[in-house]
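Peer 1: I am attaching a structure below and will ask some questions about it afterwards.
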Amino acid sequence: MSEFSTVLTESRKFPPPPGFAEKAHLKSMDDYRRLCAEADANPDAYWAARAKEELFWQTPFSTVCEWKPPFAKWFLGGRTNLSYNALDRHLATQGDKVAIRFEGEPGDRRDVTYRELHAEVCRLANGLRALGVKPGDRVGIYLPLIPEAAVAMLACARIGATHSVVFGGFSAEALRDRMNDAKAKVLITSDGGWRKGHVVPLLDNVRASIAHGIPSMEKVIVAHRTGATPPALQPNEVAWSELVASEPASCEPEWVDSEHPLFILYTSGSTGTPKGVLHTTGGYGVWTSLTTRWVFDLKPDDVYWCTADVGWVTGHSYVVYGPLMNGATVVLYEGAPTTPGPDRFWELIARHQVTIFYTAPTAIRAFMRLGEEHPKRHDLTSLRLLGTVGEPINPEAWMWYRETIGGGRCPIVDTWWQTETGGILISPLPGVTTTKPGSATLPLPGIHPAILDKDHHEVRQGAGKLFLLKPWPSMLRTIWGNELRFRAGYFAEHPKYYFTGDGARRDADGYFWIIGRVDDVVNVAGHRLGTAEVESALVSHPRVAEAAVVGRPDSLKGTALVAFVTMKAGVETSKALEAELAAHVTKEIGAIARPDEIRFAAGLPKTRSGKIMRRLLRDVAAGTDSKGDTSTLEDLSVLAALRNDEE
Ligand code: PRX
């Protein structure tokens, strides 16, 4: 299997730093093995104990898990509310503790205590109820990374509305498609948000997307973030401040069933449009709460900063739900890492005395390029733990992170998981696991990943496709409104084992090394994109006949997007046309999907059955020789033309 041909040469090992383990929640390999053994011996007892420890259940659950592949239900019969778990539980003991330490890109600051956050959430929850939002209704959220984003999510959870957050970098078109798929009734947005010194015109995008048709949309709630004065609103819009003005600061939570839909988050698949990953309440709450404490070793006096936007799953699980359920102080920074200067992150860490820092390898690589003088100018000694997520981290970046940011004293947790898994599944435990640069190491207790070969035999040492053999509490329940796609996307390879879409390798110590996607999903600068989405954006341009998009290895972004485009007859290709197509993709999806390179081709190489030969295009894009068998090529001259083009 050529896609798994990565050879492991990394042999450096880093045990937990001296002194870390004694104070950690999990202190030794014995702790880890004991939990794994417990989970193996009696899964129901193990999970029931975790669920009772993590959450307040207004009505206790009666059944731990019902697994009818591919459908899982967890903690059946239980009723709870994650807004209650994230807020009300802390009021008596730490109501005045800062829950969110916000810093806007222009430098404005705001501390929100648990008591204040609770009040804000209750007011908005009441406001949503007043607008007629009922349990199970979908509410869209399209906001910058400001406290209102967390407030909006928790207000939905409080009344049992299902939120669907759309990353503020997505375009009006992308927003419209997601809102229509979810049939959202209300959308919460702001006039804009700050990014690289500019205002992202969120409200304009919302208006454009509604103008293009979102029949289910009844009302838009508009927070005021950027302008000197609040924006003038249209009849279907209401100012957030006005909506909550006369609402009380308390709100009885809706005690929802454990399997009540908490949120839908759209993510890219290998085919078609983005799919709505559905997460439900109980299992998601249990696992995100537990893993936040285990993996980040969260303590009451930590200042925790995960740099993800709430538009991604990392922002859901490890900015909002997990840390707040643990009563942590969460740093929230609105803007770009290099605005106003290349040391913004380090300056923030030093000033807020951040102790736990969680970011993406692509950011680390970008910082490496900027030079170590920027972090060196700041006192980063408050840090005690570092994390990474989203893509494989190359050992050089891992070492740089360890030495330059962590001062050689902080354990690094390389956390593997996905939108679909809801929470971290494979990761070091910082007081337990000896880490190796580039490896996500071992599964968390109760999680059963396995590498399988093409006959579904387990590969104990070596490479293959990564599966999860047993269900876990925070697994996706389905694809919203599309059960077929749920089955086809994750259970087509094996009817009972969840297929991750990733290739991985396991070494002699049983450590997992994630190689990357083996399907047509690419990870561009830590953002997950489907090549099919970008292709359909390209072919929606009136002059494009056909397009194929592939990933090419990139030392900064991990993967760069290369688009091979065939124009309709008679269309002259030019640099200007290239720019026009790139702008078209930005309009259709967002800047994150803009191809890094567009190559015009007279035709695309296809098999006799008409399938585009992507492997070949990947080789062409990467500039490597194809090892593949090209005998099925319809027209070898097409390939030759593409290769010549390259010279
Ligand atoms: O390929 C894996 C990669 O990111 C994919 C999931 O992307 P998404 O759903 O957007 O969630 C990202 C944040 C959880 C996976 O299929 N990935 C995620 N974490 C890692 C990783 N690849 C290698 N190492 C990781 N730690």
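Quick note on naming: the chains in the structure tokens go A, B, ... in the order shown, residues restart at 1 in each chain, and ligands are numbered from 1 in order of appearance.
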Can you tell me which residues sit at most 8 Å away from ligand 1, counting only C-alpha atoms and all ligand atoms, written as a PyMOL selection string?
Peer 2: chain A and resi 267-268+312-314+388-393+414-420+422-424+426-427+438-440+500-502+513-517+522-523+526-528
Peer 1: Please run DSSP on the backbone and report, as number ranges by chain, all residues within stretch 166-300 of chain A that come out as strand (DSSP E).
Peer 2: A: 186-190, 193-195, 198-200, 219-223, 237-239, 256-257, 261-267, 275-280
Peer 1: Report the distance between atom CA of A:Phe20 and atom CA of A:Asp509 in Å, rounded to one decimal place.
Peer 2: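 A separation of 22.5 Å between them.
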Peer 1: Please determine, counting only C-alpha atoms, which residue among A:Leu175, A:Val186, A:Ala119, A:Ala152 has the shortest atom-to-atom distance to A:Asp137.
Peer 2: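 For A:Asp137, the nearest of the candidates is A:Val186.
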Peer 1: List the neighbours of A:Asp343 out to 9 Å using only C-alpha atoms; skip same-chain residues closer than 6 positions along the sequence, and give me the result as a PDB file with N, CA, C and O atoms, in the first residue's frame.
Peer 2:
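Output file part-v8.pdb is given in full below:
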```pdb
ATOM      1  N   PRO A 337      -2.983  35.331  14.655  1.00  0.00           N
ATOM      2  CA  PRO A 337      -1.813  35.121  15.514  1.00  0.00           C
ATOM      3  C   PRO A 337      -0.722  36.160  15.311  1.00  0.00           C
ATOM      4  O   PRO A 337       0.133  36.333  16.171  1.00  0.00           O
ATOM      5  N   PHE A 367       5.072  29.695  13.098  1.00  0.00           N
ATOM      6  CA  PHE A 367       5.879  30.405  14.096  1.00  0.00           C
ATOM      7  C   PHE A 367       7.365  30.080  13.960  1.00  0.00           C
ATOM      8  O   PHE A 367       8.218  30.941  14.149  1.00  0.00           O
ATOM      9  N   GLU A 373      13.174  34.504  17.700  1.00  0.00           N
ATOM     10  CA  GLU A 373      13.348  35.738  18.475  1.00  0.00           C
ATOM     11  C   GLU A 373      12.009  36.246  19.037  1.00  0.00           C
ATOM     12  O   GLU A 373      11.990  36.901  20.069  1.00  0.00           O
ATOM     13  N   HIS A 374      10.912  35.916  18.354  1.00  0.00           N
ATOM     14  CA  HIS A 374       9.613  36.434  18.827  1.00  0.00           C
ATOM     15  C   HIS A 374       9.172  35.785  20.138  1.00  0.00           C
ATOM     16  O   HIS A 374       8.901  36.498  21.099  1.00  0.00           O
ATOM     17  N   PRO A 375       9.126  34.441  20.214  1.00  0.00           N
ATOM     18  CA  PRO A 375       8.810  33.878  21.536  1.00  0.00           C
ATOM     19  C   PRO A 375       9.883  34.192  22.578  1.00  0.00           C
ATOM     20  O   PRO A 375       9.560  34.399  23.750  1.00  0.00           O
ATOM     21  N   ARG A 377      11.409  36.793  23.186  1.00  0.00           N
ATOM     22  CA  ARG A 377      11.249  38.109  23.805  1.00  0.00           C
ATOM     23  C   ARG A 377      10.272  38.100  24.987  1.00  0.00           C
ATOM     24  O   ARG A 377      10.124  39.091  25.675  1.00  0.00           O
ATOM     25  N   HIS A 378       9.563  36.979  25.179  1.00  0.00           N
ATOM     26  CA  HIS A 378       8.521  36.952  26.214  1.00  0.00           C
ATOM     27  C   HIS A 378       8.790  35.859  27.237  1.00  0.00           C
ATOM     28  O   HIS A 378       9.402  34.843  26.923  1.00  0.00           O
TER      29      HIS A 378
END
```
Peer 1: Expressed in Å to a single decimal, how great is the separation between atom CA of A:Pro342 and atom CA of A:Gly371?
Peer 2: 9.1 Å
Peer 1: I'd like the contact shell of A:Ala245 - 9 Å cut-off, only C-alpha atoms, skipping same-chain residues fewer than 3 positions apart - returned as a PyMOL selection string.
Peer 2: chain A and resi 123+127+240-242+248
Peer 1: The selected residues should be written to file as a PDB file, in the first residue's frame (atoms: all heavy atoms).
Peer 2:
```
ATOM      1  N   ARG A 123     -30.133  35.048  30.027  1.00  0.00           N
ATOM      2  CA  ARG A 123     -30.860  36.114  29.325  1.00  0.00           C
ATOM      3  C   ARG A 123     -31.102  35.750  27.857  1.00  0.00           C
ATOM      4  O   ARG A 123     -32.197  35.894  27.339  1.00  0.00           O
ATOM      5  CB  ARG A 123     -30.076  37.429  29.370  1.00  0.00           C
ATOM      6  CG  ARG A 123     -30.194  38.117  30.679  1.00  0.00           C
ATOM      7  CD  ARG A 123     -29.773  39.583  30.584  1.00  0.00           C
ATOM      8  NE  ARG A 123     -29.698  40.090  31.933  1.00  0.00           N
ATOM      9  CZ  ARG A 123     -28.577  40.164  32.647  1.00  0.00           C
ATOM     10  NH1 ARG A 123     -27.416  39.833  32.106  1.00  0.00           N
ATOM     11  NH2 ARG A 123     -28.600  40.581  33.881  1.00  0.00           N
ATOM     12  N   GLY A 127     -34.475  34.967  25.821  1.00  0.00           N
ATOM     13  CA  GLY A 127     -34.763  35.696  24.584  1.00  0.00           C
ATOM     14  C   GLY A 127     -35.093  34.733  23.444  1.00  0.00           C
ATOM     15  O   GLY A 127     -36.019  34.979  22.657  1.00  0.00           O
ATOM     16  N   TRP A 240     -29.163  41.882  19.619  1.00  0.00           N
ATOM     17  CA  TRP A 240     -28.982  41.005  20.791  1.00  0.00           C
ATOM     18  C   TRP A 240     -29.335  41.787  22.060  1.00  0.00           C
ATOM     19  O   TRP A 240     -30.088  41.309  22.914  1.00  0.00           O
ATOM     20  CB  TRP A 240     -27.544  40.510  20.797  1.00  0.00           C
ATOM     21  CG  TRP A 240     -27.102  39.669  21.959  1.00  0.00           C
ATOM     22  CD1 TRP A 240     -27.324  39.911  23.282  1.00  0.00           C
ATOM     23  CD2 TRP A 240     -26.350  38.460  21.894  1.00  0.00           C
ATOM     24  NE1 TRP A 240     -26.754  38.932  24.046  1.00  0.00           N
ATOM     25  CE2 TRP A 240     -26.148  38.028  23.229  1.00  0.00           C
ATOM     26  CE3 TRP A 240     -25.812  37.711  20.850  1.00  0.00           C
ATOM     27  CZ2 TRP A 240     -25.421  36.868  23.534  1.00  0.00           C
ATOM     28  CZ3 TRP A 240     -25.093  36.564  21.165  1.00  0.00           C
ATOM     29  CH2 TRP A 240     -24.904  36.142  22.473  1.00  0.00           C
ATOM     30  N   SER A 241     -28.778  43.005  22.171  1.00  0.00           N
ATOM     31  CA  SER A 241     -28.966  43.788  23.401  1.00  0.00           C
ATOM     32  C   SER A 241     -30.448  44.061  23.657  1.00  0.00           C
ATOM     33  O   SER A 241     -30.920  44.035  24.786  1.00  0.00           O
ATOM     34  CB  SER A 241     -28.187  45.096  23.303  1.00  0.00           C
ATOM     35  OG  SER A 241     -28.586  45.787  22.145  1.00  0.00           O
ATOM     36  N   GLU A 242     -31.174  44.300  22.583  1.00  0.00           N
ATOM     37  CA  GLU A 242     -32.597  44.583  22.732  1.00  0.00           C
ATOM     38  C   GLU A 242     -33.371  43.319  23.116  1.00  0.00           C
ATOM     39  O   GLU A 242     -34.250  43.334  23.969  1.00  0.00           O
ATOM     40  CB  GLU A 242     -33.115  45.123  21.399  1.00  0.00           C
ATOM     41  CG  GLU A 242     -34.455  45.794  21.471  1.00  0.00           C
ATOM     42  CD  GLU A 242     -34.849  46.296  20.090  1.00  0.00           C
ATOM     43  OE1 GLU A 242     -34.038  47.032  19.487  1.00  0.00           O
ATOM     44  OE2 GLU A 242     -35.925  45.909  19.620  1.00  0.00           O
ATOM     45  N   PRO A 248     -34.891  38.158  32.427  1.00  0.00           N
ATOM     46  CA  PRO A 248     -34.243  37.898  33.718  1.00  0.00           C
ATOM     47  C   PRO A 248     -32.952  37.095  33.564  1.00  0.00           C
ATOM     48  O   PRO A 248     -32.760  36.399  32.566  1.00  0.00           O
ATOM     49  CB  PRO A 248     -35.287  37.077  34.482  1.00  0.00           C
ATOM     50  CG  PRO A 248     -36.204  36.528  33.451  1.00  0.00           C
ATOM     51  CD  PRO A 248     -36.174  37.464  32.274  1.00  0.00           C
TER      52      PRO A 248
END
```
Peer 1: List every residue of stretch 311-362 of chain A that has an atom at most 12 Å from any atom of stretch 289-293 of chain A, giving for each one its closest atom pair and the distance in Å to one decimal, counting only C-alpha atoms, sorted by chain and then by ascending residue number, as a tab-separated table.
Peer 2:
```
residue	atom	partner	partner_atom	distance
A:Thr314	CA	A:Thr292	CA	11.3
A:His316	CA	A:Ser289	CA	11.6
A:Ser317	CA	A:Ser289	CA	8.4
A:Tyr318	CA	A:Thr292	CA	6.9
A:Val319	CA	A:Thr292	CA	9.9
A:Val320	CA	A:Ser289	CA	10.3
A:Tyr321	CA	A:Ser289	CA	7.2
A:Gly322	CA	A:Ser289	CA	4.4
A:Pro323	CA	A:Thr292	CA	6.3
A:Leu324	CA	A:Ser289	CA	8.4
A:Met325	CA	A:Ser289	CA	6.0
A:Asn326	CA	A:Ser289	CA	6.4
A:Gly327	CA	A:Ser289	CA	10.0
A:Ala328	CA	A:Arg293	CA	9.9
A:Ile356	CA	A:Thr292	CA	11.2
A:Tyr358	CA	A:Thr292	CA	11.3
```
Peer 1: Output the selection as a compact mmCIF listing (two decimals), in the first residue's frame - N, CA and C atoms for each residue.
Peer 2:
```txt
# COMPACT_ATOMS: atom_id res chain seq x y z
N THR A 314 -12.89 21.49 17.63
CA THR A 314 -11.97 21.73 18.75
C THR A 314 -12.51 22.88 19.61
N HIS A 316 -15.68 23.65 19.96
CA HIS A 316 -16.84 23.16 20.69
C HIS A 316 -16.40 22.40 21.96
N SER A 317 -15.51 21.42 21.73
CA SER A 317 -15.20 20.48 22.81
C SER A 317 -14.17 21.02 23.79
N TYR A 318 -13.17 21.78 23.27
CA TYR A 318 -12.05 22.17 24.14
C TYR A 318 -11.84 23.68 24.27
N VAL A 319 -12.82 24.47 23.78
CA VAL A 319 -12.86 25.88 24.19
C VAL A 319 -14.09 26.06 25.08
N VAL A 320 -15.21 25.48 24.66
CA VAL A 320 -16.46 25.76 25.38
C VAL A 320 -16.83 24.63 26.35
N TYR A 321 -17.30 23.51 25.83
CA TYR A 321 -17.93 22.52 26.73
C TYR A 321 -16.96 21.89 27.74
N GLY A 322 -15.87 21.29 27.27
CA GLY A 322 -14.98 20.57 28.18
C GLY A 322 -14.42 21.46 29.29
N PRO A 323 -13.75 22.56 28.93
CA PRO A 323 -13.15 23.41 29.96
C PRO A 323 -14.18 24.05 30.90
N LEU A 324 -15.32 24.50 30.36
CA LEU A 324 -16.30 25.15 31.24
C LEU A 324 -16.96 24.13 32.16
N MET A 325 -17.20 22.93 31.68
CA MET A 325 -17.75 21.92 32.58
C MET A 325 -16.77 21.62 33.71
N ASN A 326 -15.48 21.83 33.45
CA ASN A 326 -14.47 21.64 34.48
C ASN A 326 -14.21 22.90 35.31
N GLY A 327 -14.93 23.96 35.03
CA GLY A 327 -14.77 25.19 35.81
C GLY A 327 -13.46 25.91 35.58
N ALA A 328 -12.92 25.79 34.38
CA ALA A 328 -11.61 26.38 34.09
C ALA A 328 -11.72 27.86 33.73
N ILE A 356 -1.69 26.27 30.16
CA ILE A 356 -1.93 25.17 29.21
C ILE A 356 -2.23 25.79 27.86
N TYR A 358 -2.90 25.00 23.69
CA TYR A 358 -3.31 23.92 22.77
C TYR A 358 -3.51 24.55 21.39
```
Peer 1: For the structure I just gave you, how does DSSP split stretch 28-232 of chain A - specifically, which residues are alpha helix (DSSP H)? Reply as a PyMOL selection string.
Peer 2: chain A and resi 29-41+43-54+82-83+89-94+114-130+147-159+172-182+202-211
Peer 1: Would you kindly return, as a PyMOL selection string, each protein, DNA or RNA residue with an atom no farther than 7 Å from any atom of A:Thr559, considering only C-alpha atoms and excluding same-chain residues fewer than 5 positions away?
Peer 2: chain A and resi 522-525+551-554
Peer 1: Could you take the residues named above and write them with C-alpha atoms, as a compact mmCIF listing (two decimals), in the first residue's frame?
Peer 2:
```txt
# COMPACT_ATOMS: atom_id res chain seq x y z
CA VAL A 522 -7.44 16.99 2.76
CA ASN A 523 -6.10 18.84 5.72
CA VAL A 524 -5.03 22.30 4.58
CA ALA A 525 -3.38 24.32 7.34
CA GLY A 551 -3.50 17.70 -2.14
CA ARG A 552 0.22 18.26 -2.44
CA PRO A 553 2.56 17.98 0.57
CA ASP A 554 3.46 21.43 1.85
```
Peer 1: Counting only C-alpha atoms, what is within 9 Å of A:Gly160, bar same-chain residues fewer than 3 positions away, as a list of chain:residue names?
Peer 2: A:Asn81, A:Lys134, A:Pro135, A:Gly136, A:Asp137, A:Ala155, A:Cys156, A:Ala157, A:Pro253, A:Glu254, A:Trp255, A:Val256, A:His260, A:Pro261, A:Leu262
Peer 1: Please produce a file of the residues just selected, as a short mmCIF file (atom, residue, chain, number, x, y, z; two decimals), in the first residue's frame, where the atoms kept are all heavy atoms.
Peer 2:
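What landed in again_12.cif:
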```cif
data_model
loop_
_atom_site.label_atom_id
_atom_site.label_comp_id
_atom_site.auth_asym_id
_atom_site.auth_seq_id
_atom_site.Cartn_x
_atom_site.Cartn_y
_atom_site.Cartn_z
N ASN A 81 -28.46 18.57 31.35
CA ASN A 81 -28.37 19.79 30.55
C ASN A 81 -26.93 20.27 30.63
O ASN A 81 -26.39 20.46 31.73
CB ASN A 81 -29.34 20.85 31.09
CG ASN A 81 -29.32 22.09 30.24
OD1 ASN A 81 -28.32 22.81 30.20
ND2 ASN A 81 -30.40 22.33 29.52
N LYS A 134 -37.96 26.33 20.31
CA LYS A 134 -38.38 25.19 21.13
C LYS A 134 -37.27 24.13 21.15
O LYS A 134 -36.42 24.11 20.24
CB LYS A 134 -39.64 24.55 20.52
CG LYS A 134 -40.81 25.48 20.32
CD LYS A 134 -41.82 25.26 21.42
CE LYS A 134 -42.98 26.20 21.42
NZ LYS A 134 -42.82 27.53 20.86
N PRO A 135 -37.32 23.23 22.13
CA PRO A 135 -36.34 22.14 22.14
C PRO A 135 -36.34 21.41 20.79
O PRO A 135 -37.40 21.12 20.23
CB PRO A 135 -36.84 21.21 23.25
CG PRO A 135 -37.62 22.10 24.16
CD PRO A 135 -38.24 23.15 23.28
N GLY A 136 -35.15 21.17 20.30
CA GLY A 136 -35.03 20.47 19.02
C GLY A 136 -34.96 21.39 17.82
O GLY A 136 -34.53 20.99 16.74
N ASP A 137 -35.39 22.66 17.98
CA ASP A 137 -35.25 23.61 16.87
C ASP A 137 -33.77 23.87 16.63
O ASP A 137 -32.97 23.88 17.57
CB ASP A 137 -35.91 24.96 17.20
CG ASP A 137 -37.43 24.88 17.10
OD1 ASP A 137 -37.94 23.91 16.51
OD2 ASP A 137 -38.09 25.82 17.62
N ALA A 155 -26.62 29.02 25.53
CA ALA A 155 -28.04 29.42 25.61
C ALA A 155 -28.90 28.41 24.84
O ALA A 155 -29.99 28.04 25.28
CB ALA A 155 -28.23 30.82 25.06
N CYS A 156 -28.39 27.98 23.70
CA CYS A 156 -29.11 26.94 22.94
C CYS A 156 -29.21 25.67 23.78
O CYS A 156 -30.29 25.09 23.93
CB CYS A 156 -28.40 26.63 21.62
SG CYS A 156 -28.53 27.97 20.42
N ALA A 157 -28.06 25.24 24.31
CA ALA A 157 -28.06 24.01 25.11
C ALA A 157 -29.03 24.13 26.28
O ALA A 157 -29.69 23.17 26.67
CB ALA A 157 -26.65 23.73 25.61
N PRO A 253 -33.29 25.42 33.18
CA PRO A 253 -32.80 24.64 32.04
C PRO A 253 -33.83 23.61 31.59
O PRO A 253 -34.62 23.13 32.40
CB PRO A 253 -31.55 23.95 32.57
CG PRO A 253 -31.57 24.07 34.04
CD PRO A 253 -32.53 25.16 34.41
N GLU A 254 -33.79 23.30 30.34
CA GLU A 254 -34.62 22.23 29.79
C GLU A 254 -33.87 20.92 30.06
O GLU A 254 -32.75 20.73 29.57
CB GLU A 254 -34.76 22.46 28.27
CG GLU A 254 -35.61 21.48 27.55
CD GLU A 254 -37.10 21.75 27.76
OE1 GLU A 254 -37.49 22.93 27.95
OE2 GLU A 254 -37.86 20.77 27.75
N TRP A 255 -34.45 20.06 30.87
CA TRP A 255 -33.76 18.79 31.18
C TRP A 255 -34.00 17.83 30.03
O TRP A 255 -35.08 17.29 29.89
CB TRP A 255 -34.25 18.23 32.52
CG TRP A 255 -33.93 19.16 33.63
CD1 TRP A 255 -34.80 19.95 34.32
CD2 TRP A 255 -32.62 19.46 34.15
NE1 TRP A 255 -34.12 20.71 35.25
CE2 TRP A 255 -32.78 20.43 35.16
CE3 TRP A 255 -31.33 19.00 33.86
CZ2 TRP A 255 -31.71 20.95 35.88
CZ3 TRP A 255 -30.26 19.52 34.57
CH2 TRP A 255 -30.46 20.48 35.58
N VAL A 256 -33.00 17.72 29.20
CA VAL A 256 -33.19 16.96 27.96
C VAL A 256 -32.72 15.52 28.14
O VAL A 256 -31.89 15.21 29.00
CB VAL A 256 -32.45 17.60 26.76
CG1 VAL A 256 -33.02 18.97 26.44
CG2 VAL A 256 -30.94 17.66 27.01
N HIS A 260 -30.65 13.66 23.35
CA HIS A 260 -31.19 14.85 22.68
C HIS A 260 -30.09 15.52 21.85
O HIS A 260 -28.97 15.71 22.34
CB HIS A 260 -31.72 15.82 23.73
CG HIS A 260 -32.39 17.02 23.14
ND1 HIS A 260 -33.65 16.97 22.59
CD2 HIS A 260 -31.96 18.29 22.98
CE1 HIS A 260 -33.97 18.16 22.14
NE2 HIS A 260 -32.96 18.99 22.35
N PRO A 261 -30.40 15.90 20.59
CA PRO A 261 -29.37 16.52 19.74
C PRO A 261 -28.82 17.82 20.35
O PRO A 261 -29.57 18.77 20.57
CB PRO A 261 -30.11 16.81 18.44
CG PRO A 261 -31.23 15.83 18.41
CD PRO A 261 -31.64 15.67 19.86
N LEU A 262 -27.52 17.84 20.61
CA LEU A 262 -26.88 19.03 21.18
C LEU A 262 -26.45 19.98 20.07
O LEU A 262 -26.71 21.17 20.11
CB LEU A 262 -25.68 18.63 22.02
CG LEU A 262 -24.86 19.76 22.62
CD1 LEU A 262 -25.63 20.51 23.69
CD2 LEU A 262 -23.54 19.23 23.20
#
```
Peer 1: Find the distance between atom CA of A:Met475 and atom CA of A:Ala363 and write it in Å to one decimal.
Peer 2: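 Computing the Euclidean distance for atom CA of A:Met475 and atom CA of A:Ala363 yields 27.3 Å.
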